[in-house]
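Next comes input_34.txt, a file with compact mmCIF, C-alpha atoms and all ligand atoms.
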# COMPACT_ATOMS: atom_id res chain seq x y z
CA MET A 1 107.63 116.66 112.75
CA LEU A 2 109.20 113.22 112.95
CA SER A 3 111.51 111.63 115.45
CA SER A 4 112.50 108.10 116.29
CA SER A 5 115.06 106.07 118.16
CA SER A 6 115.41 102.33 117.70
CA ILE A 7 115.02 99.84 120.54
CA GLU A 8 117.36 96.91 120.87
CA GLY A 9 115.67 93.56 121.12
CA SER A 10 113.70 91.01 119.17
CA ILE A 11 110.00 90.17 119.14
CA MET A 12 107.95 92.58 121.19
CA ASN A 13 104.40 92.75 122.46
CA VAL A 14 103.07 95.95 120.93
CA VAL A 15 99.81 97.52 122.08
CA VAL A 16 98.31 100.29 119.95
CA ILE A 17 95.67 102.51 121.55
CA THR A 18 93.66 104.69 119.17
CA SER A 19 91.16 107.30 120.26
CA SER A 20 89.29 108.82 117.32
CA HIS A 21 85.69 108.19 116.28
CA HIS A 22 86.79 108.49 112.65
CA ARG A 23 87.29 104.86 111.67
CA ALA A 24 89.00 105.98 108.47
CA GLY A 25 90.42 109.21 109.81
CA THR A 26 93.88 110.67 109.87
CA SER A 27 95.08 109.12 113.11
CA ALA A 28 93.57 105.76 112.12
CA LEU A 29 95.68 105.89 108.96
CA LEU A 30 98.86 106.44 110.96
CA ALA A 31 97.85 103.61 113.30
CA ASP A 32 97.27 101.32 110.29
CA ARG A 33 100.70 102.06 108.91
CA PHE A 34 102.46 101.78 112.26
CA CYS A 35 100.78 98.40 112.89
CA ALA A 36 101.74 97.21 109.41
CA GLY A 37 105.39 98.14 109.96
CA ALA A 38 105.53 96.54 113.40
CA ALA A 39 103.80 93.35 112.19
CA GLU A 40 106.10 93.07 109.19
CA ALA A 41 109.06 93.40 111.56
CA GLY A 42 107.71 90.30 113.32
CA HIS A 43 106.26 91.89 116.42
CA SER A 44 103.02 90.82 118.05
CA VAL A 45 100.59 93.72 117.59
CA ARG A 46 97.28 94.22 119.40
CA ARG A 47 95.16 97.24 118.61
CA PHE A 48 92.50 98.73 120.85
CA ASP A 49 90.21 101.29 119.16
CA MET A 50 89.00 102.84 122.39
CA ALA A 51 86.64 105.41 120.85
CA PHE A 52 84.28 102.54 120.11
CA GLU A 53 84.47 101.04 123.58
CA LYS A 54 82.81 101.88 126.86
CA VAL A 55 85.37 103.59 129.09
CA GLY A 56 84.46 105.49 132.23
CA PHE A 57 86.37 108.38 133.70
CA CYS A 58 88.69 107.65 136.61
CA LEU A 59 86.55 108.29 139.69
CA ALA A 60 89.58 108.97 141.90
CA CYS A 61 87.90 106.77 144.49
CA ASP A 62 91.27 105.19 145.33
CA VAL A 63 89.69 101.80 145.95
CA CYS A 64 92.32 100.39 143.56
CA GLY A 65 95.20 101.62 145.71
CA CYS A 66 97.02 102.30 142.44
CA GLY A 67 97.38 98.61 141.71
CA GLU A 68 96.57 96.73 144.92
CA ARG A 69 92.94 95.99 144.04
CA PRO A 70 90.94 95.90 140.79
CA CYS A 71 89.29 99.06 139.52
CA VAL A 72 85.67 99.26 140.64
CA GLN A 73 84.53 99.99 137.08
CA HIS A 74 83.67 97.13 134.74
CA ASP A 75 84.25 98.34 131.20
CA ALA A 76 86.66 98.02 128.28
CA MET A 77 89.65 98.77 130.48
CA GLU A 78 89.35 95.24 131.86
CA ALA A 79 90.59 93.96 128.50
CA LEU A 80 93.17 96.71 128.06
CA TYR A 81 94.79 96.39 131.50
CA PRO A 82 96.39 92.95 131.00
CA ALA A 83 97.48 93.89 127.49
CA VAL A 84 99.15 97.07 128.72
CA GLU A 85 100.79 95.22 131.60
CA ALA A 86 102.24 92.65 129.19
CA ALA A 87 103.24 95.17 126.54
CA ASP A 88 106.83 95.98 125.71
CA LEU A 89 105.71 99.01 123.75
CA ILE A 90 102.54 101.09 123.88
CA ALA A 91 101.63 103.33 120.96
CA PHE A 92 99.32 106.21 121.83
CA VAL A 93 97.36 107.44 118.82
CA THR A 94 95.29 110.59 118.93
CA PRO A 95 93.79 113.44 116.97
CA ILE A 96 94.56 116.81 118.52
CA TYR A 97 91.56 118.35 120.24
CA TYR A 98 92.08 121.89 121.48
CA TYR A 99 95.87 121.68 121.67
CA SER A 100 96.10 118.34 123.45
CA TYR A 101 95.20 114.62 123.41
CA SER A 102 91.65 113.67 122.55
CA GLY A 103 89.54 113.41 125.69
CA ARG A 104 89.12 109.71 125.01
CA LEU A 105 92.84 109.03 125.13
CA LYS A 106 93.22 111.15 128.27
CA CYS A 107 90.38 109.18 129.82
CA VAL A 108 92.15 105.89 129.03
CA ILE A 109 95.49 107.15 130.37
CA ASP A 110 93.82 108.39 133.57
CA ARG A 111 92.50 104.87 134.09
CA PHE A 112 96.12 103.61 134.15
CA TYR A 113 95.89 104.80 137.77
CA ALA A 114 94.37 101.45 138.72
CA ILE A 115 97.55 99.64 137.64
CA ASP A 116 99.97 102.49 138.30
CA SER A 117 102.24 100.58 140.67
CA ILE A 118 102.57 97.82 138.07
CA LEU A 119 103.35 100.21 135.23
CA GLU A 120 105.64 102.62 137.04
CA GLY A 121 109.24 101.54 136.62
CA SER A 122 108.35 98.75 134.20
CA ASP A 123 110.58 98.14 131.22
CA LYS A 124 108.47 99.57 128.43
CA SER A 125 108.67 101.99 125.56
CA GLY A 126 106.17 104.40 124.10
CA VAL A 127 105.25 105.80 120.72
CA LEU A 128 103.09 108.83 119.99
CA LEU A 129 101.17 109.26 116.74
CA ALA A 130 99.20 112.53 116.65
CA THR A 131 97.40 114.36 113.88
CA CYS A 132 96.06 117.89 113.63
CA ALA A 133 94.69 120.38 111.15
CA ASP A 134 97.05 123.27 111.83
CA THR A 135 99.93 123.58 109.44
CA THR A 136 102.32 124.53 112.23
CA SER A 137 103.43 122.43 115.20
CA GLU A 138 101.66 124.75 117.66
CA SER A 139 98.76 122.37 118.27
CA LEU A 140 101.07 119.40 118.81
CA VAL A 141 103.51 120.66 121.42
CA ASN A 142 101.31 120.16 124.50
CA CYS A 143 100.40 116.62 123.50
CA SER A 144 104.03 115.73 122.88
CA ALA A 145 105.10 117.32 126.17
CA SER A 146 102.36 115.49 128.09
CA TYR A 147 103.36 112.18 126.50
CA GLU A 148 107.01 112.79 127.37
CA SER A 149 106.06 113.63 130.97
CA LEU A 150 104.04 110.41 131.21
CA LEU A 151 107.01 108.40 129.94
CA SER A 152 109.38 110.18 132.30
CA TYR A 153 107.09 109.42 135.24
CA MET A 154 106.73 105.77 134.23
CA GLY A 155 110.41 105.39 133.43
CA TRP A 156 109.60 104.30 129.88
CA LYS A 157 111.66 105.02 126.80
CA ASP A 158 110.42 107.12 123.89
CA ALA A 159 110.67 104.95 120.76
CA GLY A 160 109.54 107.78 118.51
CA GLN A 161 106.82 110.26 117.66
CA VAL A 162 105.03 111.10 114.44
CA LEU A 163 103.49 114.54 114.89
CA ALA A 164 101.39 115.17 111.80
CA SER A 165 100.41 118.77 111.11
CA GLY A 166 98.32 119.92 108.14
CA CYS A 167 96.08 116.85 108.38
CA SER A 168 92.53 118.11 108.62
CA LYS A 169 91.08 115.13 106.78
CA ARG A 170 92.04 111.72 105.47
CA SER A 171 93.17 112.93 102.06
CA ASP A 172 95.54 115.45 103.67
CA ALA A 173 97.21 112.65 105.59
CA GLU A 174 97.31 110.35 102.57
CA ASN A 175 99.14 113.03 100.60
CA SER A 176 101.70 113.64 103.35
CA GLU A 177 104.90 111.94 104.43
CA TYR A 178 103.37 110.90 107.77
CA PRO A 179 101.89 107.47 106.87
CA GLN A 180 105.29 106.34 105.60
CA ALA A 181 106.95 107.77 108.71
CA ALA A 182 104.49 105.81 110.87
CA TYR A 183 105.21 102.64 108.89
CA GLU A 184 108.96 103.12 109.22
CA LEU A 185 108.65 103.78 112.93
CA GLY A 186 106.68 100.55 113.35
CA ALA A 187 109.25 98.64 111.31
CA SER A 188 112.14 100.13 113.30
CA ILE A 189 111.09 99.08 116.78
C1 LIG A 201 86.89 118.88 119.01
C2 LIG A 201 87.98 119.12 118.01
C3 LIG A 201 89.04 119.92 118.38
C4 LIG A 201 90.10 120.13 117.50
N1 LIG A 201 91.15 120.91 117.89
C5 LIG A 201 92.21 121.09 117.06
C6 LIG A 201 93.33 121.87 117.45
O1 LIG A 201 93.43 122.37 118.58
N2 LIG A 201 94.35 122.04 116.56
C7 LIG A 201 94.30 121.50 115.31
O2 LIG A 201 95.25 121.70 114.55
N3 LIG A 201 93.26 120.71 114.91
C8 LIG A 201 92.22 120.50 115.76
N4 LIG A 201 91.15 119.72 115.36
C9 LIG A 201 91.22 119.01 114.06
C10 LIG A 201 91.67 117.55 114.20
O3 LIG A 201 92.81 117.43 115.02
C11 LIG A 201 92.00 116.99 112.81
O4 LIG A 201 90.89 117.11 111.95
C12 LIG A 201 92.46 115.54 112.89
O5 LIG A 201 92.92 115.15 111.61
C13 LIG A 201 91.32 114.58 113.26
O6 LIG A 201 91.85 113.28 113.37
P1 LIG A 201 90.98 111.96 113.12
O7 LIG A 201 90.55 111.95 111.67
O8 LIG A 201 91.89 110.84 113.45
O9 LIG A 201 89.81 112.05 114.04
C14 LIG A 201 90.09 119.51 116.22
C15 LIG A 201 88.99 118.70 115.86
C16 LIG A 201 87.96 118.50 116.74
C17 LIG A 201 86.80 117.61 116.34
Mind converting the file's structure to structure tokens?
Amino acid sequence: MLSSSSIEGSIMNVVVITSSHHRAGTSALLADRFCAGAAEAGHSVRRFDMAFEKVGFCLACDVCGCGERPCVQHDAMEALYPAVEAADLIAFVTPIYYYSYSGRLKCVIDRFYAIDSILEGSDKSGVLLATCADTTSESLVNCSASYESLLSYMGWKDAGQVLASGCSKRSDAENSEYPQAAYELGASI
């Protein structure tokens, strides 16, 4: 399933957040191609492979006040926060785990709570790249709906989604139309 809508503008700060432990997996391939397209279009692209970083769960301690004070946790989010704040577009990249985002991506998104008041209402766009083994879209619908709800809450625009079914392993993805779709989406933003 593919969808996209172009964004008007010139050079953008693009942040790509991946969340699989498979360095050469299916979602990493889509991230590679999306980054290549965005870079070739002249955008500034920063990629954060969060599965290989230390990221704690949101503790819901509310010390942050949703953006008034720093998060109490000192981990890889300290590098991601300023990048996300400065981003014009954030690409969320995930394998599907049990009909939704990977737990790692959900963990990262939950930690947005500490900068929520900065993000909410900011002028940003999102992209979703998701891969799954099922050959139908059944496993992808919850992830897409959750992403769309996040964007709606934040007031961000959806710049496009590549929802890749039938991709159990790298070779499945390589032999599909999805890497090219991810490239074209990156080039179109
Ligand atoms: C814990 C776990 C749960 C999964 N759940 C689903 C699922 O609900 N639906 C599905 O189609 N594939 C599921 N898969 C398969 C992965 O989504 C698929 O292999 C994907 O290509 C992995 O992406 P990656 O190579 O980027 O890690 C699951 C895999 C794992 C490890």
Find the spatial neighbours of Leu30 of chain A, counting only C-alpha atoms, within a cut-off of 9 Å - ignore same-chain residues fewer than 6 positions away - and output them as a ChimeraX atom specification.
/A:93,129-131,162,173,178-183
Select the residues contacting ligand LIG 201 (chain A) at a distance of at most 7 Å, based on only C-alpha atoms and all ligand atoms, then format the selection as a list of chain:residue names.
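Taking only C-alpha atoms and all ligand atoms into account, the residues around ligand LIG 201 (chain A) at most 7 Å away are A:Ser20, A:His21, A:His22, A:Ala24, A:Gly25, A:Thr26, A:Ser27, A:Ala28, A:Thr94, A:Pro95, A:Ile96, A:Tyr97, A:Tyr98, A:Tyr99, A:Ser100, A:Thr131, A:Cys132, A:Ala133, A:Asp134, A:Ser139, A:Ser165, A:Cys167, A:Ser168, A:Lys169, A:Arg170.
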Would you output that residue set with C-alpha atoms, as a compact mmCIF listing (two decimals), in the frame of the given file?
# COMPACT_ATOMS: atom_id res chain seq x y z
CA SER A 20 89.29 108.82 117.32
CA HIS A 21 85.69 108.19 116.28
CA HIS A 22 86.79 108.49 112.65
CA ALA A 24 89.00 105.98 108.47
CA GLY A 25 90.42 109.21 109.81
CA THR A 26 93.88 110.67 109.87
CA SER A 27 95.08 109.12 113.11
CA ALA A 28 93.57 105.76 112.12
CA THR A 94 95.29 110.59 118.93
CA PRO A 95 93.79 113.44 116.97
CA ILE A 96 94.56 116.81 118.52
CA TYR A 97 91.56 118.35 120.24
CA TYR A 98 92.08 121.89 121.48
CA TYR A 99 95.87 121.68 121.67
CA SER A 100 96.10 118.34 123.45
CA THR A 131 97.40 114.36 113.88
CA CYS A 132 96.06 117.89 113.63
CA ALA A 133 94.69 120.38 111.15
CA ASP A 134 97.05 123.27 111.83
CA SER A 139 98.76 122.37 118.27
CA SER A 165 100.41 118.77 111.11
CA CYS A 167 96.08 116.85 108.38
CA SER A 168 92.53 118.11 108.62
CA LYS A 169 91.08 115.13 106.78
CA ARG A 170 92.04 111.72 105.47
Please determine, counting all atoms listed in the file, which residue among A:Leu185, A:Cys107, A:Ala114, A:Ala87 has the shortest atom-to-atom distance to Cys61 of chain A.
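For Cys61 of chain A, the nearest of the given residues is A:Ala114.
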For Val72 of chain A: contacts at 10 Å, all atoms listed in the file, fewer than 6 positions along chain excluded, given as JSON, numbers by chain:
{"A": [58, 59, 61, 62, 63, 64, 114]}
Nearest-residue call for Asp32 of chain A, choices A:Leu163, A:Val141, A:Val108, A:Val45, using all atoms listed in the file:
A:Val45
Of the candidates A:Met12, A:Leu105, A:Cys35, A:Val84, which one gets nearest to Gly56 of chain A if we count all atoms listed in the file?
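Nearest to Gly56 of chain A: A:Leu105.
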For Ile189 of chain A, which residue among A:Val127, A:Ala60, A:Cys66, A:Met50 is the nearest when counting only C-alpha atoms?
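Selected residue with least distance to Ile189 of chain A: A:Val127.
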Nearby residues (only C-alpha atoms) at most 12 Å from Gly126 of chain A, same-chain spacing under 6 positions excluded, as a CSV table (one decimal) with C-alpha atoms, in the coordinates of the input:
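Ended up saving to selection04.csv:
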chain,number,residue,atom,x,y,z
A,4,SER,CA,112.5,108.1,116.3
A,5,SER,CA,115.1,106.1,118.2
A,6,SER,CA,115.4,102.3,117.7
A,7,ILE,CA,115.0,99.8,120.5
A,13,ASN,CA,104.4,92.8,122.5
A,14,VAL,CA,103.1,96.0,120.9
A,15,VAL,CA,99.8,97.5,122.1
A,16,VAL,CA,98.3,100.3,120.0
A,17,ILE,CA,95.7,102.5,121.6
A,84,VAL,CA,99.2,97.1,128.7
A,87,ALA,CA,103.2,95.2,126.5
A,88,ASP,CA,106.8,96.0,125.7
A,89,LEU,CA,105.7,99.0,123.8
A,90,ILE,CA,102.5,101.1,123.9
A,91,ALA,CA,101.6,103.3,121.0
A,92,PHE,CA,99.3,106.2,121.8
A,93,VAL,CA,97.4,107.4,118.8
A,144,SER,CA,104.0,115.7,122.9
A,147,TYR,CA,103.4,112.2,126.5
A,148,GLU,CA,107.0,112.8,127.4
A,149,SER,CA,106.1,113.6,131.0
A,150,LEU,CA,104.0,110.4,131.2
A,151,LEU,CA,107.0,108.4,129.9
A,152,SER,CA,109.4,110.2,132.3
A,154,MET,CA,106.7,105.8,134.2
A,155,GLY,CA,110.4,105.4,133.4
A,156,TRP,CA,109.6,104.3,129.9
A,157,LYS,CA,111.7,105.0,126.8
A,158,ASP,CA,110.4,107.1,123.9
A,159,ALA,CA,110.7,105.0,120.8
A,160,GLY,CA,109.5,107.8,118.5
A,161,GLN,CA,106.8,110.3,117.7
A,162,VAL,CA,105.0,111.1,114.4
A,185,LEU,CA,108.6,103.8,112.9
A,186,GLY,CA,106.7,100.6,113.4
A,189,ILE,CA,111.1,99.1,116.8
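For the atom pair formed by atom CA of Gly65 of chain A and atom CA of Ile118 of chain A, the distance is 11.3 Å, given to one decimal.
The residue that comes closest to Ile115 of chain A, out of A:Thr136, A:His43, A:Ser146, A:Ala83 and on the basis of all atoms listed in the file, is A:Ala83.
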May I ask for the distance between atom CA of Ile11 of chain A and atom CA of Leu80 of chain A, given in Å to one decimal place?
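Taking atom CA of Ile11 of chain A and atom CA of Leu80 of chain A, their separation equals 20.1 Å.
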Name the closest residue to Lys54 of chain A among the candidates A:Ala164, A:Ala76, A:Cys71, A:Leu119; distances are taken between atoms, counting only C-alpha atoms.
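With only C-alpha atoms as the atom set, the closest residue is A:Ala76.
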Enter the distance from atom CA of Arg23 of chain A to atom CA of Met77 of chain A, in Å, rounded to one decimal.
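About the pair atom CA of Arg23 of chain A and atom CA of Met77 of chain A: they are 19.9 Å apart.
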For segment 21-30 of chain A, what centre and edge lengths in Å (one decimal) does the axis-aligned box get once 6 Å is added on each side of all its listed atoms, as AutoDock Vina command-line options?
--center_x 92.3 --center_y 107.8 --center_z 112.4 --size_x 25.2 --size_y 17.8 --size_z 19.8
